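Notes follow once the structure below has been shown.
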Amino acid sequence: MKSQRFRGVTRRTLLGMGSVTAFVAALPSQVWALATRPAPAFGATDVDTVFSVLGSTPKHSDGIVFSVPDIAENGAVVPVKIEIDDTVLPGVSKLYVLVEKNPNPLAAVFGVPENTRPYVETRVKVAQTCQLYAVAEADGQLFMVSRETKVTLGGCGG
């Protein structure tokens, strides 16, 4: 059976677009809230400004397990892993990854839905040897740990 066309658009395409639109409209508002992006924090050019935009300088916490390599051969793809011990730091709602000497230190933000285990693995660009920060937001407060990574080949044009 030949599909009918209406000004270059097939019926199948229209039905597919309608299905996607219905799915997106049905997503809970909490999912949309997690998708919000702290634009001023991403635009900041130093770690202190990022902390200022986020609300305060984080306190050190033993409840954050932050894994980064001691030496990164390629700064363009540095693996990082953040795990939260929720017996020490309960109620985590967001996780942030910051790279101290990058042109824009805030590398990533992850929303953590309620009743889930806060855990993230990703890769970030690291311009040069510096401190990387894992920051957790819990009950409106910020907590962090930091680790140094030595970079042999820069990730931001180096």
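We name chains A, B, ... following the order of the structure tokens; residues begin at 1 in each chain, and ligands are numbered from 1 as shown.
For Val99 of chain A, the residues within 7 Å (counting only C-alpha atoms, excluding itself and residues fewer than 2 positions away along the chain) are Val97, Lys101, Asn102, Pro105, Leu106, Ala107, Val126, Gln131, Leu132 and Tyr133 of chain A.
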*Just the residues within 9 Å of Leu89 of chain A, please, counting only C-alpha atoms, with nothing from its chain fewer than 3 positions along; format it as JSON, numbers by chain.*
{"A": [61, 62, 63, 64, 84, 85, 86, 92, 136, 138, 143]}
Those same residues - N, CA and C atoms - I'd like them written as a compact mmCIF listing (two decimals), in the first residue's frame.
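What ended up in again.txt:
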```txt
# COMPACT_ATOMS: atom_id res chain seq x y z
N SER A 61 33.07 16.48 53.12
CA SER A 61 32.25 15.38 53.61
C SER A 61 32.93 14.05 53.31
N ASP A 62 32.94 13.18 54.32
CA ASP A 62 33.46 11.82 54.14
C ASP A 62 32.41 10.92 53.48
N GLY A 63 31.22 11.43 53.27
CA GLY A 63 30.16 10.64 52.65
C GLY A 63 30.23 10.59 51.13
N ILE A 64 31.19 11.32 50.55
CA ILE A 64 31.36 11.34 49.09
C ILE A 64 32.60 10.54 48.73
N ILE A 84 27.81 8.16 46.70
CA ILE A 84 27.43 8.79 47.96
C ILE A 84 27.08 7.70 48.97
N ASP A 85 27.67 7.79 50.15
CA ASP A 85 27.30 6.92 51.26
C ASP A 85 26.12 7.60 51.94
N ASP A 86 24.91 7.11 51.65
CA ASP A 86 23.72 7.81 52.15
C ASP A 86 23.49 7.61 53.65
N VAL A 92 20.62 13.42 49.13
CA VAL A 92 21.33 14.12 48.05
C VAL A 92 20.38 14.31 46.87
N ALA A 136 28.13 17.55 46.30
CA ALA A 136 26.79 16.99 46.49
C ALA A 136 25.92 18.03 47.19
N ALA A 138 22.63 18.42 49.39
CA ALA A 138 21.69 17.67 50.23
C ALA A 138 21.02 18.62 51.20
N PHE A 143 28.22 19.92 49.90
CA PHE A 143 29.32 19.16 50.48
C PHE A 143 30.25 18.75 49.35
```
*atom CA of Lys150 of chain A to atom CA of Thr122 of chain A, distance in Å rounded to a single decimal*: 17.8 Å
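Closest to Val50 of chain A among A:Thr116, A:Leu142, A:Thr87, A:Ala127 is A:Leu142, based on only C-alpha atoms.
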*DSSP on the backbone, then: every residue of segment 82-154 of chain A marked strand (DSSP E or B), written as a PyMOL selection string.*
chain A and resi 82-84+92-99+106-111+119-124+130-138+141-151
